[in-house]
Amino acid sequence: PSQARTLSGMGTVDLRGEYGTYSWYSSKPPPAKKHLKADFELVTVEDTDFDSVPDTVRTRLKGSPDVLHLKPGELPGPNDFLMLPLVVHVDPEEDVAWIRIDGSDVLLRQGEWSDWVEVSFDALPWGLMRFAGIVRFYLKQVRPDFQLYASPVNLAPGDPAQPITTPDDFVELLHQKLGNFYTVGMPEETNALKDGLFDDDDYAKQVKLFQEEDSDRLLDLALSRFEPGATTFFYNSDIDLQCHMLWRHGDPRDLDAPRHPAWEKK
C-alpha cells in the first residue's frame, strides 16, 4: 500500500459544496446592478430592549445543504440549506460588536478578525446527523453602516464532512498538530476584493492570516516529517495569486484603481 500522505488543495469545497462562498451582512443595500459572489444578507440594527438605541442584528449563517429534504440529484436552492441563528450586539458608543453563534461568543473591534469559530449544523434532531464546520468573522464597520464578513464555512479538520486527506485519518494528525485551519481550496478571499466589499487592506490582512497561521505552519510540519529518499511537494500560490489580484493598480483601463507608486502614465 502507498505510504503517501496528502492534503487536498485547490478544488476542495466548503461545507455548502461550493468553491468558497462567503457571507456579507450589511445594513447598506448591495451595489446596484452588480452580481456579487457573496451570500449577501441585508440586515437591520434593531432596538430590541426598547431603550431607543438600535444595537442588535439578528440574522443567520448558511451551512450545508439540507440533503434529507432534497430529491436525489436535485441541486439546492437558496432556501435548501441548514441554518444557524446569528446574533450581533453592537456597542452604542465604541466600535465594538459581540457576536453569538452556536454557543460561541466572539468580541471584535472594527477592523479585527476573529479566531476560528466551530459550528455544527444538525440535519436530524439530537445530533443524529450533523455537519461540522469552522468559520471566521471580520468586523468591517460598525457605523454608520453595519458591515460584517463571514468566511466560507470550511470543512472542520477535526470532524470533516468528507475526506480531505489520504489516508482519511491523516487529517487527525494535522488537526492535532495545527488545530483548525483553512480547508477550502482557495483560502485567500479574492471574491470579496473583486466584489468591492473588501479593500486592499482588508484583503491583505486576510492573506497574512492565512500565510502566518496556516501556510507557514503546514510547510514547517511537512519539512519536519521529511525523510531521506522521500518526496515532499508543497504548493504555495501566494506570489502568483497576489500578482493577479493587485495587477489592476498598473492597469490604465481601471480608472478608479489607486496607482502603484511606480506607475507612470505613458
# chains A, B, ... in the order shown; residues from 1 in each chain; ligands from 1

call {"tool": "residues_around", "arguments": {"residues": "range 155-160 of chain A", "least_positions_apart": "6", "cutoff": "6 Å", "atoms": "only C-alpha atoms", "output": "PyMOL selection string"}}
result
chain A and resi 14-15+132-134+175

call {"tool": "write_last_selection", "arguments": {"atoms": "C-alpha atoms", "output": "CSV table (one decimal), in the first residue's frame"}}
result
chain,number,residue,atom,x,y,z
A,14,ASP,CA,-16.7,24.4,1.6
A,15,LEU,CA,-19.4,23.0,3.7
A,132,ALA,CA,-19.3,20.3,11.4
A,133,GLY,CA,-17.7,23.4,10.1
A,134,ILE,CA,-15.4,26.3,11.1
A,175,HIS,CA,-5.6,18.8,13.5

call {"tool": "residues_around", "arguments": {"residues": "Arg58 in chain A", "least_positions_apart": "3", "cutoff": "10 Å", "atoms": "only C-alpha atoms", "output": "count of residues only"}}
result
11

call {"tool": "select_by_dssp", "arguments": {"residues": "range 37-211 of chain A", "states": "alpha helix (DSSP H)", "output": "list in words"}}
result
Phe170, Val171, Glu172, Leu173, Leu174, His175, Gln176, Lys177, Leu178, Thr190, Asn191, Ala192, Leu193, Lys194, Asp200, Asp201, Asp202, Tyr203, Ala204, Lys205, Gln206, Val207, Lys208, Leu209 and Phe210 of chain A

call {"tool": "atom_distance", "arguments": {"atom1": "CA of Val184 in chain A", "atom2": "CA of Glu172 in chain A"}}
result
16.8 Å

call {"tool": "residues_around", "arguments": {"residues": "Met83 in chain A", "least_positions_apart": "4", "cutoff": "10 Å", "atoms": "only C-alpha atoms", "output": "JSON, numbers by chain"}}
result
{"A": [59, 60, 61, 62, 63, 64, 65, 66, 79, 120, 121, 122, 123]}

call {"tool": "residues_around", "arguments": {"residues": "range 207-220 of chain A", "least_positions_apart": "3", "cutoff": "12 Å", "atoms": "only C-alpha atoms", "output": "count of residues only"}}
result
48

call {"tool": "select_by_dssp", "arguments": {"residues": "range 47-247 of chain A", "states": "strand (DSSP E or B)", "output": "PyMOL selection string"}}
result
chain A and resi 56-65+81-90+96-101+104-109+113+117-124+129-135+137-141+147-150+154-155+165-166

call {"tool": "atom_distance", "arguments": {"atom1": "CA of Asp105 in chain A", "atom2": "CA of Ser151 in chain A"}}
result
16.5 Å

call {"tool": "residues_around", "arguments": {"residues": "Val67 in chain A", "least_positions_apart": "6", "cutoff": "12 Å", "atoms": "only C-alpha atoms", "output": "PyMOL selection string"}}
result
chain A and resi 16-17+73-77+79-82+121-124+129-131

call {"tool": "closest_residue", "arguments": {"among": "A:Gly111, A:Gly20, A:Pro31, A:Pro72", "to": "Asp199 in chain A", "atoms": "only C-alpha atoms"}}
result
A:Gly111

call {"tool": "residues_around", "arguments": {"residues": "Gly185 in chain A", "least_positions_apart": "2", "cutoff": "6 Å", "atoms": "only C-alpha atoms", "output": "short mmCIF file (atom, residue, chain, number, x, y, z; two decimals) with N, CA and C atoms, in the first residue's frame"}}
result
data_model
loop_
_atom_site.label_atom_id
_atom_site.label_comp_id
_atom_site.auth_asym_id
_atom_site.auth_seq_id
_atom_site.Cartn_x
_atom_site.Cartn_y
_atom_site.Cartn_z
N GLY A 9 -6.10 20.20 -2.02
CA GLY A 9 -5.82 21.61 -2.23
C GLY A 9 -6.89 22.27 -3.07
N MET A 10 -6.49 22.94 -4.15
CA MET A 10 -7.44 23.65 -5.00
C MET A 10 -8.52 22.69 -5.50
N GLY A 11 -9.76 23.13 -5.40
CA GLY A 11 -10.88 22.27 -5.77
C GLY A 11 -11.61 21.73 -4.56
N THR A 12 -11.03 21.90 -3.36
CA THR A 12 -11.72 21.46 -2.14
C THR A 12 -12.87 22.41 -1.85
#

call {"tool": "atom_distance", "arguments": {"atom1": "CA of Gln3 in chain A", "atom2": "CA of Gln162 in chain A"}}
result
20.8 Å

call {"tool": "closest_residue", "arguments": {"among": "A:Ile99, A:Val117, A:Leu107, A:Leu139", "to": "Val153 in chain A", "atoms": "only C-alpha atoms"}}
result
A:Val117

call {"tool": "decode", "arguments": {"residues": "range 163-199 of chain A", "atoms": "N, CA and C atoms", "output": "compact mmCIF listing (two decimals), in the first residue's frame"}}
result
# COMPACT_ATOMS: atom_id res chain seq x y z
N PRO A 163 -13.84 13.21 3.16
CA PRO A 163 -12.38 13.07 3.25
C PRO A 163 -11.67 14.23 2.57
N ILE A 164 -10.65 14.75 3.24
CA ILE A 164 -9.82 15.81 2.66
C ILE A 164 -8.34 15.44 2.71
N THR A 165 -8.03 14.25 3.20
CA THR A 165 -6.65 13.77 3.21
C THR A 165 -6.62 12.31 2.78
N THR A 166 -5.45 11.87 2.39
CA THR A 166 -5.21 10.43 2.21
C THR A 166 -3.99 10.06 3.04
N PRO A 167 -4.12 9.01 3.85
CA PRO A 167 -5.37 8.31 4.16
C PRO A 167 -6.34 9.22 4.91
N ASP A 168 -7.58 8.76 5.06
CA ASP A 168 -8.62 9.61 5.64
C ASP A 168 -8.25 10.14 7.02
N ASP A 169 -7.53 9.33 7.82
CA ASP A 169 -7.24 9.74 9.19
C ASP A 169 -6.00 10.63 9.31
N PHE A 170 -5.33 10.94 8.20
CA PHE A 170 -4.18 11.84 8.26
C PHE A 170 -4.59 13.23 8.75
N VAL A 171 -5.83 13.61 8.48
CA VAL A 171 -6.31 14.92 8.93
C VAL A 171 -6.32 15.00 10.45
N GLU A 172 -6.45 13.85 11.13
CA GLU A 172 -6.43 13.85 12.59
C GLU A 172 -5.07 14.32 13.11
N LEU A 173 -3.99 13.87 12.47
CA LEU A 173 -2.66 14.32 12.86
C LEU A 173 -2.51 15.82 12.60
N LEU A 174 -2.98 16.28 11.43
CA LEU A 174 -2.88 17.70 11.11
C LEU A 174 -3.63 18.54 12.13
N HIS A 175 -4.82 18.10 12.50
CA HIS A 175 -5.62 18.85 13.46
C HIS A 175 -4.97 18.82 14.84
N GLN A 176 -4.38 17.69 15.20
CA GLN A 176 -3.70 17.58 16.48
C GLN A 176 -2.52 18.53 16.56
N LYS A 177 -1.78 18.66 15.46
CA LYS A 177 -0.58 19.50 15.44
C LYS A 177 -0.90 20.98 15.24
N LEU A 178 -1.92 21.27 14.42
CA LEU A 178 -2.16 22.64 13.98
C LEU A 178 -3.43 23.27 14.52
N GLY A 179 -4.35 22.45 15.04
CA GLY A 179 -5.65 22.98 15.39
C GLY A 179 -6.47 23.21 14.12
N ASN A 180 -7.35 24.18 14.14
CA ASN A 180 -8.17 24.47 12.96
C ASN A 180 -7.36 25.25 11.93
N PHE A 181 -7.69 25.02 10.66
CA PHE A 181 -7.02 25.72 9.57
C PHE A 181 -7.95 25.74 8.36
N TYR A 182 -7.64 26.63 7.40
CA TYR A 182 -8.45 26.70 6.19
C TYR A 182 -8.36 25.37 5.44
N THR A 183 -9.51 24.83 5.06
CA THR A 183 -9.53 23.61 4.25
C THR A 183 -10.08 23.87 2.86
N VAL A 184 -10.75 25.00 2.64
CA VAL A 184 -11.30 25.31 1.32
C VAL A 184 -10.16 25.48 0.33
N GLY A 185 -10.42 25.16 -0.94
CA GLY A 185 -9.37 25.09 -1.94
C GLY A 185 -8.56 26.35 -2.13
N MET A 186 -9.22 27.51 -2.16
CA MET A 186 -8.50 28.78 -2.29
C MET A 186 -8.86 29.65 -1.08
N PRO A 187 -8.04 29.63 -0.04
CA PRO A 187 -8.38 30.35 1.19
C PRO A 187 -8.40 31.87 1.02
N GLU A 188 -7.56 32.41 0.15
CA GLU A 188 -7.49 33.87 0.01
C GLU A 188 -8.83 34.42 -0.49
N GLU A 189 -9.33 35.46 0.18
CA GLU A 189 -10.67 35.97 -0.11
C GLU A 189 -10.65 36.91 -1.32
N THR A 190 -10.40 36.33 -2.47
CA THR A 190 -10.36 37.11 -3.71
C THR A 190 -11.74 37.60 -4.12
N ASN A 191 -12.78 36.84 -3.79
CA ASN A 191 -14.12 37.22 -4.23
C ASN A 191 -14.58 38.52 -3.57
N ALA A 192 -14.34 38.67 -2.27
CA ALA A 192 -14.76 39.90 -1.59
C ALA A 192 -14.01 41.11 -2.14
N LEU A 193 -12.75 40.91 -2.53
CA LEU A 193 -11.99 42.00 -3.13
C LEU A 193 -12.54 42.35 -4.51
N LYS A 194 -12.83 41.34 -5.31
CA LYS A 194 -13.38 41.59 -6.64
C LYS A 194 -14.78 42.20 -6.56
N ASP A 195 -15.53 41.84 -5.52
CA ASP A 195 -16.87 42.40 -5.35
C ASP A 195 -16.85 43.85 -4.88
N GLY A 196 -15.68 44.32 -4.43
CA GLY A 196 -15.58 45.68 -3.94
C GLY A 196 -16.01 45.85 -2.50
N LEU A 197 -16.29 44.75 -1.79
CA LEU A 197 -16.67 44.82 -0.39
C LEU A 197 -15.44 44.82 0.52
N PHE A 198 -14.37 44.18 0.09
CA PHE A 198 -13.06 44.31 0.73
C PHE A 198 -12.25 45.36 -0.03
N ASP A 199 -11.49 46.17 0.70
CA ASP A 199 -10.48 46.98 0.04
C ASP A 199 -9.14 46.23 0.13
